[in-house]
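Chemist: start.cif (mmCIF, C-alpha atoms) pasted underneath:
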```cif
data_model
#
loop_
_atom_site.label_atom_id
_atom_site.label_comp_id
_atom_site.auth_asym_id
_atom_site.auth_seq_id
_atom_site.Cartn_x
_atom_site.Cartn_y
_atom_site.Cartn_z
CA MET A 1 113.23 118.84 67.39
CA ARG A 2 110.11 118.01 65.37
CA THR A 3 108.70 115.90 68.22
CA LEU A 4 109.51 118.66 70.67
CA LEU A 5 107.70 121.26 68.60
CA THR A 6 104.68 119.00 68.24
CA CYS A 7 104.43 118.64 72.01
CA LEU A 8 104.77 122.37 72.45
CA PHE A 9 102.11 123.30 69.94
CA LEU A 10 99.71 120.93 71.66
CA PHE A 11 100.63 122.57 74.94
CA ALA A 12 99.81 125.98 73.48
CA GLY A 13 96.42 124.76 72.30
CA LEU A 14 97.20 125.41 68.66
CA ALA A 15 96.43 121.95 67.29
CA ALA A 16 93.26 121.64 65.21
CA CYS A 17 90.99 118.62 64.76
CA ALA A 18 89.26 117.64 61.51
CA PRO A 19 85.43 117.77 61.64
CA VAL A 20 83.60 114.47 62.16
CA PRO A 21 80.29 113.79 60.32
CA GLY A 22 77.30 114.00 62.64
CA PRO A 23 74.74 116.39 64.03
CA ALA A 24 75.19 120.07 63.39
CA PRO A 25 77.58 121.50 66.00
CA GLN A 26 76.19 123.75 68.68
CA PRO A 27 77.65 127.23 69.18
CA PRO A 28 80.63 126.95 71.54
CA ARG A 29 80.21 128.18 75.06
CA PRO A 30 82.50 131.05 76.04
CA GLU A 31 83.90 129.09 78.97
CA ALA A 32 84.64 125.95 76.92
CA GLY A 33 88.15 126.98 75.86
CA PRO A 34 91.05 128.98 77.22
CA SER A 35 90.75 132.73 77.31
CA ALA A 36 92.55 134.87 74.77
CA THR A 37 94.97 135.96 77.49
CA ALA A 38 95.73 132.36 78.47
CA ARG A 39 96.33 131.39 74.85
CA GLN A 40 98.63 134.36 74.36
CA GLU A 41 100.62 133.49 77.47
CA ALA A 42 100.93 129.88 76.32
CA GLU A 43 102.16 130.94 72.89
CA ILE A 44 104.77 133.21 74.50
CA ALA A 45 105.92 130.31 76.71
CA VAL A 46 106.26 128.07 73.66
CA ARG A 47 108.31 130.57 71.70
CA ARG A 48 110.53 131.26 74.71
CA PHE A 49 111.11 127.54 75.29
CA VAL A 50 112.06 126.83 71.68
CA GLU A 51 114.40 129.83 71.62
CA VAL A 52 116.16 128.78 74.82
CA VAL A 53 116.53 125.15 73.73
CA GLU A 54 117.96 126.14 70.35
CA THR A 55 120.42 128.51 72.04
CA VAL A 56 121.55 126.58 75.11
CA GLU A 57 121.71 123.05 73.64
CA PRO A 58 124.63 123.73 71.23
CA VAL A 59 126.60 125.42 74.01
CA ALA A 60 126.07 122.47 76.36
CA GLU A 61 127.04 119.97 73.67
CA ARG A 62 130.22 121.87 72.78
CA GLU A 63 131.21 122.06 76.43
CA CYS A 64 130.43 118.36 76.85
CA ARG A 65 132.72 117.41 73.97
CA ALA A 66 135.45 119.70 75.27
CA ARG A 67 135.33 118.19 78.77
CA THR A 68 134.83 114.50 78.02
CA ILE A 69 136.08 111.89 75.59
CA ARG A 70 133.71 108.93 75.76
CA ALA A 71 130.54 110.55 77.09
CA GLU A 72 127.48 110.91 74.87
CA CYS A 73 126.94 114.61 74.17
CA ASP A 74 123.88 114.63 71.89
CA PHE A 75 121.17 115.92 74.23
CA LEU A 76 117.54 114.99 73.72
CA ILE A 77 115.15 117.66 75.03
CA VAL A 78 111.65 116.44 75.87
CA VAL A 79 108.47 117.81 77.40
CA ASP A 80 106.78 115.78 80.13
CA ASP A 81 103.13 116.54 79.49
CA ARG A 82 101.62 114.05 81.93
CA PRO A 83 98.76 115.70 83.82
CA GLY A 84 99.27 116.65 87.44
CA GLN A 85 103.04 117.09 87.25
CA PRO A 86 104.58 119.88 89.38
CA PRO A 87 106.98 122.46 87.92
CA ASN A 88 110.14 120.43 87.46
CA ALA A 89 113.07 119.64 85.20
CA PHE A 90 115.38 116.65 85.41
CA GLN A 91 118.25 114.97 83.60
CA THR A 92 118.41 111.27 82.85
CA ARG A 93 119.70 108.93 80.12
CA ASP A 94 118.11 106.45 77.77
CA ARG A 95 119.21 102.82 77.45
CA ARG A 96 121.94 103.76 75.00
CA GLY A 97 123.35 106.43 77.30
CA ARG A 98 122.00 109.44 75.42
CA PRO A 99 121.42 112.32 77.85
CA ILE A 100 117.84 113.50 78.22
CA ILE A 101 116.66 116.77 79.72
CA ALA A 102 112.95 116.77 80.52
CA PHE A 103 110.76 119.73 81.41
CA THR A 104 107.25 119.52 82.78
CA VAL A 105 104.63 121.79 81.20
CA PRO A 106 104.03 123.71 84.48
CA LEU A 107 107.71 124.66 84.66
CA ILE A 108 107.70 125.92 81.08
CA ALA A 109 104.64 128.00 81.88
CA GLU A 110 105.80 129.35 85.25
CA VAL A 111 109.31 130.62 84.55
CA GLN A 112 109.17 134.40 84.29
CA ASN A 113 111.77 134.98 81.60
CA ALA A 114 114.21 133.30 79.22
CA ASP A 115 117.10 133.73 81.66
CA GLU A 116 115.38 131.53 84.24
CA LEU A 117 114.58 128.84 81.70
CA ALA A 118 118.13 128.94 80.31
CA PHE A 119 119.60 128.57 83.79
CA VAL A 120 117.36 125.59 84.57
CA MET A 121 118.34 123.88 81.31
CA ALA A 122 122.03 124.63 81.80
CA HIS A 123 121.88 123.26 85.36
CA GLU A 124 120.40 119.97 84.12
CA ALA A 125 122.95 119.75 81.31
CA ALA A 126 125.72 120.31 83.86
CA HIS A 127 124.61 117.21 85.76
CA HIS A 128 125.46 115.15 82.68
CA LEU A 129 128.75 116.91 82.00
CA LEU A 130 129.82 116.24 85.58
CA GLY A 131 128.81 112.58 85.48
CA HIS A 132 126.48 112.86 88.46
CA ILE A 133 124.28 109.89 87.57
CA ASP A 134 127.24 107.51 87.57
CA ARG A 135 128.71 109.10 90.68
CA GLN A 136 125.45 108.73 92.60
CA ARG A 137 125.17 105.11 91.55
CA ARG A 138 128.69 104.47 92.86
CA ASP A 139 127.80 106.23 96.10
CA ALA A 140 124.70 104.05 96.45
CA ARG A 141 126.65 100.85 95.79
CA THR A 142 129.29 101.84 98.32
CA GLY A 143 126.64 102.61 100.94
CA ALA A 144 124.91 99.29 100.33
CA LEU A 145 128.21 97.42 100.63
CA VAL A 146 129.24 99.14 103.87
CA PHE A 147 125.86 98.81 105.59
CA GLY A 148 125.48 95.22 104.46
CA GLU A 149 128.93 94.33 105.76
CA LEU A 150 128.20 95.95 109.13
CA ALA A 151 124.93 94.04 109.44
CA SER A 152 126.70 90.80 108.58
CA LEU A 153 129.44 91.40 111.15
CA THR A 154 126.85 91.92 113.87
CA GLY A 155 125.34 88.52 113.12
CA GLY A 156 122.30 89.66 111.19
CA GLY A 157 120.45 87.15 109.04
CA ALA A 158 119.81 87.43 105.30
CA ASP A 159 116.75 89.67 105.74
CA VAL A 160 118.61 91.99 108.10
CA VAL A 161 121.56 92.24 105.73
CA ARG A 162 119.24 92.93 102.78
CA SER A 163 117.44 95.67 104.69
CA ALA A 164 120.78 97.18 105.72
CA GLN A 165 121.92 97.17 102.10
CA GLU A 166 118.75 98.94 100.99
CA LEU A 167 119.18 101.57 103.67
CA GLY A 168 122.85 101.93 102.82
CA ALA A 169 122.01 102.52 99.17
CA ILE A 170 119.66 105.35 100.14
CA VAL A 171 122.16 106.93 102.51
CA GLY A 172 125.03 106.52 100.06
CA GLY A 173 123.04 107.90 97.16
CA ARG A 174 122.14 111.01 99.12
CA SER A 175 125.45 111.60 100.86
CA TYR A 176 126.77 113.91 98.16
CA SER A 177 123.51 115.03 96.54
CA LYS A 178 123.79 118.58 97.88
CA GLU A 179 127.38 118.81 96.69
CA TYR A 180 126.38 117.63 93.23
CA GLU A 181 123.59 120.22 93.05
CA LEU A 182 126.02 123.02 93.91
CA GLU A 183 128.48 121.73 91.30
CA ALA A 184 125.71 121.76 88.70
CA ASP A 185 124.70 125.27 89.75
CA ALA A 186 128.27 126.51 89.25
CA LEU A 187 128.80 124.87 85.86
CA GLY A 188 125.24 125.72 84.85
CA THR A 189 126.05 129.36 85.53
CA ILE A 190 128.98 129.18 83.12
CA LEU A 191 126.89 127.50 80.42
CA THR A 192 124.10 130.05 80.86
CA ILE A 193 126.46 132.98 80.44
CA ARG A 194 128.21 131.41 77.45
CA ALA A 195 124.81 130.97 75.82
CA GLY A 196 124.22 134.71 76.18
CA TYR A 197 121.82 134.72 79.12
CA ASP A 198 122.00 136.38 82.54
CA ALA A 199 122.70 133.62 85.08
CA LEU A 200 122.11 135.85 88.10
CA ARG A 201 118.72 136.87 86.78
CA GLY A 202 118.03 133.25 85.93
CA ALA A 203 118.92 132.05 89.42
CA ALA A 204 116.21 134.33 90.82
CA PHE A 205 114.04 131.28 90.18
CA PHE A 206 115.29 130.05 93.57
CA ASP A 207 113.55 132.97 95.26
CA ARG A 208 110.16 131.53 94.28
CA VAL A 209 110.64 127.85 95.07
CA PRO A 210 110.34 126.34 98.57
CA ASP A 211 113.61 126.39 100.49
CA PRO A 212 114.58 122.81 101.43
CA GLY A 213 116.78 124.06 104.24
CA ASN A 214 119.82 122.11 105.36
CA ARG A 215 118.11 118.81 106.15
CA PHE A 216 120.14 115.72 106.99
CA LEU A 217 120.32 113.51 103.89
CA GLY A 218 118.30 116.07 101.96
CA THR A 219 118.70 115.94 98.20
CA HIS A 220 119.07 119.71 97.65
CA PRO A 221 121.03 122.40 99.50
CA PRO A 222 119.46 125.58 100.91
CA ASN A 223 118.49 128.15 98.30
CA ALA A 224 120.90 130.68 99.79
CA ALA A 225 123.82 128.30 99.24
CA ARG A 226 122.76 127.76 95.64
CA LEU A 227 122.52 131.48 94.95
CA GLU A 228 125.98 131.97 96.46
CA ALA A 229 127.38 129.24 94.20
CA VAL A 230 125.92 131.07 91.20
CA ARG A 231 127.38 134.40 92.29
CA ARG A 232 130.85 132.90 92.79
CA ALA A 233 130.80 131.15 89.42
CA ALA A 234 129.64 134.29 87.62
CA ALA A 235 132.28 136.42 89.36
CA GLY A 236 135.00 134.00 88.21
CA LEU A 237 134.31 134.56 84.52
#
```
What would you get if you wrote out this structure as structure tokens?

Modeler:
Amino acid sequence: MRTLLTCLFLFAGLAACAPVPGPAPQPPRPEAGPSATARQEAEIAVRRFVEVVETVEPVAERECRARTIRAECDFLIVVDDRPGQPPNAFQTRDRRGRPIIAFTVPLIAEVQNADELAFVMAHEAAHHLLGHIDRQRRDARTGALVFGELASLTGGGADVVRSAQELGAIVGGRSYSKEYELEADALGTILTIRAGYDALRGAAFFDRVPDPGNRFLGTHPPNAARLEAVRRAAAGL
């Protein structure tokens, strides 16, 4: 958590630098730094983020241990502060299998309330609890195997088979992506509510993001379908 807080304080513009010997400093220009309003908004975003992480993470870890036996349940929460990143959050794992939930700075700044941030975090945690990374890898391997076998049966050479396998991996990896997102929305709703937040209010985040529609081999389902998954999960509690 210390590393997380360090990243966040830098994000809020609260870090100070020691003076360096040299010419007398010139009076700062008013436009050189963020406005008082911008600094205040950043500080609010930092406090909200820390509060949500400290509240949702224990709930996700308890649920993880209750649902799984061998899975790693010690989440690492990080901030992706690379410049130019869009508002985004994602779940991955390190080399040892520890689950990581990463948030970009624009997402932390753009959510409108703690419920939205809690729902986003719970959704990403749900991906790990449901084993979606491993399932997608199996889907990709199956797609590569099937497409490669078909190319081989039609008399394709090594390059054709390799290309077919690459295409099959893409198709296989995306075949159930929408289903996995809806599963994570449903379980994320449960985690959000158990952490004391309003999942329906949190899912209003979908109203402000572009709707991917129901594209063939798209990675995410339509926003309306995601909101319905949240409503059903909340009604079942």

Chemist: Just say which residues the PyMOL selection byres ((chain A and resi 73) around 10) picks in this file, as a PyMOL selection string.

Modeler: chain A and resi 57-58+60-66+68-72+74-76+97-99+125+128-129

Chemist: Expand the PyMOL selection byres ((chain A and resi 225-232) around 12) into the individual residues it matches in the shown file, reporting them as a VMD selection string.

Modeler: chain A and resid 119 123 178 to 193 198 to 207 211 to 214 220 to 224 233 to 237

Chemist: Between atom CA of A:Thr92 and atom CA of A:Val146, what distance in Å does the model show, to one decimal?

Modeler: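 Atom CA of A:Val146 lies 26.6 Å from atom CA of A:Thr92.
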
Chemist: List the spatial neighbours of A:Val78 as a ChimeraX atom specification - criterion: any atom at most 8 Å away, all atoms listed in the file, same-chain residues fewer than 6 positions off excluded.

Modeler: /A:4,100-103

Chemist: What gap, in Å, lies between atom CA of A:Val50 and atom CA of A:Met121?

Modeler: 11.9 Å

Chemist: So how far away is atom CA of A:Ala36 from atom CA of A:Gly84, in Å?

Modeler: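 Computing it gives 23.2 Å between the two atoms.
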
Chemist: Might I get the box with edges along x, y and z of the file that holds all atoms of stretch 109-112 of chain A listed there, padded by 5 Å on every side, given as centre and edge lengths in Å to one decimal, as AutoDock Vina command-line options?

Modeler:
```
--center_x 107.0 --center_y 131.2 --center_z 83.6 --size_x 14.7 --size_y 16.4 --size_z 13.4
```

Chemist: Can you tell me, as a list in words, what residues are no more than 7 Å from A:Ala195 when counting only C-alpha atoms, ignoring any on the same chain fewer than 6 positions away?

Modeler: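 That gives Thr55, Val56 and Val59 of chain A.
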
Chemist: Could you write out as a list of chain:residue names the residues that the PyMOL selection byres ((chain A and resi 86) around 12) matches in the shown file?

Modeler: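 Applied to this file, the PyMOL selection byres ((chain A and resi 86) around 12) returns A:Asp80, A:Asp81, A:Arg82, A:Pro83, A:Gly84, A:Gln85, A:Pro87, A:Asn88, A:Ala89, A:Phe90, A:Phe103, A:Thr104, A:Val105, A:Pro106, A:Leu107, A:Ile108, A:Ala109, A:Glu110, A:Val209.
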
Chemist: Which residue, A:Ile170, A:Ala122, A:Val111, A:Leu150, has the smallest gap to A:Arg137 when you use all atoms listed in the file?

Modeler: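 Among the listed residues, the smallest separation from A:Arg137 belongs to A:Ile170.
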
Chemist: With all atoms listed in the file as the counted atoms, please give the residues lying no more than 9 Å from A:Gln165, apart from itself and same-chain residues fewer than 5 positions off, as a short mmCIF file (atom, residue, chain, number, x, y, z; two decimals) with C-alpha atoms, in the coordinates of the input.

Modeler:
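New file selection.cif:
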```cif
data_model
loop_
_atom_site.label_atom_id
_atom_site.label_comp_id
_atom_site.auth_asym_id
_atom_site.auth_seq_id
_atom_site.Cartn_x
_atom_site.Cartn_y
_atom_site.Cartn_z
CA ARG A 141 126.65 100.85 95.79
CA GLY A 143 126.64 102.61 100.94
CA ALA A 144 124.91 99.29 100.33
CA LEU A 145 128.21 97.42 100.63
CA VAL A 146 129.24 99.14 103.87
CA PHE A 147 125.86 98.81 105.59
CA GLY A 148 125.48 95.22 104.46
CA GLU A 149 128.93 94.33 105.76
CA ALA A 151 124.93 94.04 109.44
CA VAL A 160 118.61 91.99 108.10
CA ILE A 170 119.66 105.35 100.14
#
```

Chemist: Counting all atoms listed in the file, figure out which residue out of A:Val120, A:Ser177, A:Ala126, A:Asp159 gets nearest to A:Ala140.

Modeler: A:Ser177

Chemist: Return stretch 178-202 of chain A, completed with N, CA and C atoms, as a PDB file, in the frame of the given file.

Modeler:
```pdb
ATOM      1  N   LYS A 178     123.716 117.127  97.772  1.00  0.00           N
ATOM      2  CA  LYS A 178     123.790 118.580  97.880  1.00  0.00           C
ATOM      3  C   LYS A 178     125.037 119.112  97.182  1.00  0.00           C
ATOM      4  N   GLU A 179     126.140 118.399  97.354  1.00  0.00           N
ATOM      5  CA  GLU A 179     127.380 118.810  96.690  1.00  0.00           C
ATOM      6  C   GLU A 179     127.221 118.780  95.178  1.00  0.00           C
ATOM      7  N   TYR A 180     126.571 117.745  94.671  1.00  0.00           N
ATOM      8  CA  TYR A 180     126.380 117.630  93.230  1.00  0.00           C
ATOM      9  C   TYR A 180     125.486 118.763  92.714  1.00  0.00           C
ATOM     10  N   GLU A 181     124.464 119.127  93.478  1.00  0.00           N
ATOM     11  CA  GLU A 181     123.590 120.220  93.050  1.00  0.00           C
ATOM     12  C   GLU A 181     124.365 121.534  92.964  1.00  0.00           C
ATOM     13  N   LEU A 182     125.230 121.788  93.941  1.00  0.00           N
ATOM     14  CA  LEU A 182     126.020 123.020  93.910  1.00  0.00           C
ATOM     15  C   LEU A 182     127.017 123.010  92.759  1.00  0.00           C
ATOM     16  N   GLU A 183     127.589 121.841  92.462  1.00  0.00           N
ATOM     17  CA  GLU A 183     128.480 121.730  91.300  1.00  0.00           C
ATOM     18  C   GLU A 183     127.725 122.046  90.017  1.00  0.00           C
ATOM     19  N   ALA A 184     126.508 121.513  89.908  1.00  0.00           N
ATOM     20  CA  ALA A 184     125.710 121.760  88.700  1.00  0.00           C
ATOM     21  C   ALA A 184     125.286 123.223  88.617  1.00  0.00           C
ATOM     22  N   ASP A 185     125.029 123.846  89.757  1.00  0.00           N
ATOM     23  CA  ASP A 185     124.700 125.270  89.750  1.00  0.00           C
ATOM     24  C   ASP A 185     125.881 126.091  89.225  1.00  0.00           C
ATOM     25  N   ALA A 186     127.084 125.752  89.668  1.00  0.00           N
ATOM     26  CA  ALA A 186     128.270 126.510  89.250  1.00  0.00           C
ATOM     27  C   ALA A 186     128.537 126.333  87.758  1.00  0.00           C
ATOM     28  N   LEU A 187     128.559 125.091  87.288  1.00  0.00           N
ATOM     29  CA  LEU A 187     128.800 124.870  85.860  1.00  0.00           C
ATOM     30  C   LEU A 187     127.620 125.364  85.032  1.00  0.00           C
ATOM     31  N   GLY A 188     126.405 125.203  85.555  1.00  0.00           N
ATOM     32  CA  GLY A 188     125.240 125.720  84.850  1.00  0.00           C
ATOM     33  C   GLY A 188     125.304 127.224  84.670  1.00  0.00           C
ATOM     34  N   THR A 189     125.868 127.913  85.644  1.00  0.00           N
ATOM     35  CA  THR A 189     126.050 129.360  85.530  1.00  0.00           C
ATOM     36  C   THR A 189     126.955 129.695  84.344  1.00  0.00           C
ATOM     37  N   ILE A 190     128.039 128.952  84.225  1.00  0.00           N
ATOM     38  CA  ILE A 190     128.980 129.180  83.120  1.00  0.00           C
ATOM     39  C   ILE A 190     128.308 128.925  81.776  1.00  0.00           C
ATOM     40  N   LEU A 191     127.572 127.819  81.676  1.00  0.00           N
ATOM     41  CA  LEU A 191     126.890 127.500  80.420  1.00  0.00           C
ATOM     42  C   LEU A 191     125.843 128.557  80.080  1.00  0.00           C
ATOM     43  N   THR A 192     125.123 129.021  81.096  1.00  0.00           N
ATOM     44  CA  THR A 192     124.100 130.050  80.860  1.00  0.00           C
ATOM     45  C   THR A 192     124.707 131.307  80.298  1.00  0.00           C
ATOM     46  N   ILE A 193     125.806 131.753  80.891  1.00  0.00           N
ATOM     47  CA  ILE A 193     126.460 132.980  80.440  1.00  0.00           C
ATOM     48  C   ILE A 193     127.043 132.806  79.040  1.00  0.00           C
ATOM     49  N   ARG A 194     127.646 131.647  78.777  1.00  0.00           N
ATOM     50  CA  ARG A 194     128.210 131.410  77.450  1.00  0.00           C
ATOM     51  C   ARG A 194     127.135 131.332  76.378  1.00  0.00           C
ATOM     52  N   ALA A 195     125.920 131.004  76.780  1.00  0.00           N
ATOM     53  CA  ALA A 195     124.810 130.970  75.820  1.00  0.00           C
ATOM     54  C   ALA A 195     124.195 132.362  75.622  1.00  0.00           C
ATOM     55  N   GLY A 196     124.693 133.346  76.360  1.00  0.00           N
ATOM     56  CA  GLY A 196     124.220 134.710  76.180  1.00  0.00           C
ATOM     57  C   GLY A 196     123.117 135.149  77.113  1.00  0.00           C
ATOM     58  N   TYR A 197     122.874 134.368  78.171  1.00  0.00           N
ATOM     59  CA  TYR A 197     121.820 134.720  79.120  1.00  0.00           C
ATOM     60  C   TYR A 197     122.426 135.206  80.435  1.00  0.00           C
ATOM     61  N   ASP A 198     121.586 135.825  81.251  1.00  0.00           N
ATOM     62  CA  ASP A 198     122.000 136.380  82.540  1.00  0.00           C
ATOM     63  C   ASP A 198     121.757 135.323  83.619  1.00  0.00           C
ATOM     64  N   ALA A 199     122.833 134.705  84.101  1.00  0.00           N
ATOM     65  CA  ALA A 199     122.700 133.620  85.080  1.00  0.00           C
ATOM     66  C   ALA A 199     122.173 134.128  86.415  1.00  0.00           C
ATOM     67  N   LEU A 200     122.573 135.322  86.826  1.00  0.00           N
ATOM     68  CA  LEU A 200     122.110 135.850  88.100  1.00  0.00           C
ATOM     69  C   LEU A 200     120.604 136.132  88.051  1.00  0.00           C
ATOM     70  N   ARG A 201     120.162 136.655  86.958  1.00  0.00           N
ATOM     71  CA  ARG A 201     118.720 136.870  86.780  1.00  0.00           C
ATOM     72  C   ARG A 201     117.994 135.520  86.683  1.00  0.00           C
ATOM     73  N   GLY A 202     118.633 134.566  86.053  1.00  0.00           N
ATOM     74  CA  GLY A 202     118.030 133.250  85.930  1.00  0.00           C
ATOM     75  C   GLY A 202     117.915 132.538  87.260  1.00  0.00           C
TER      76      GLY A 202
END
```
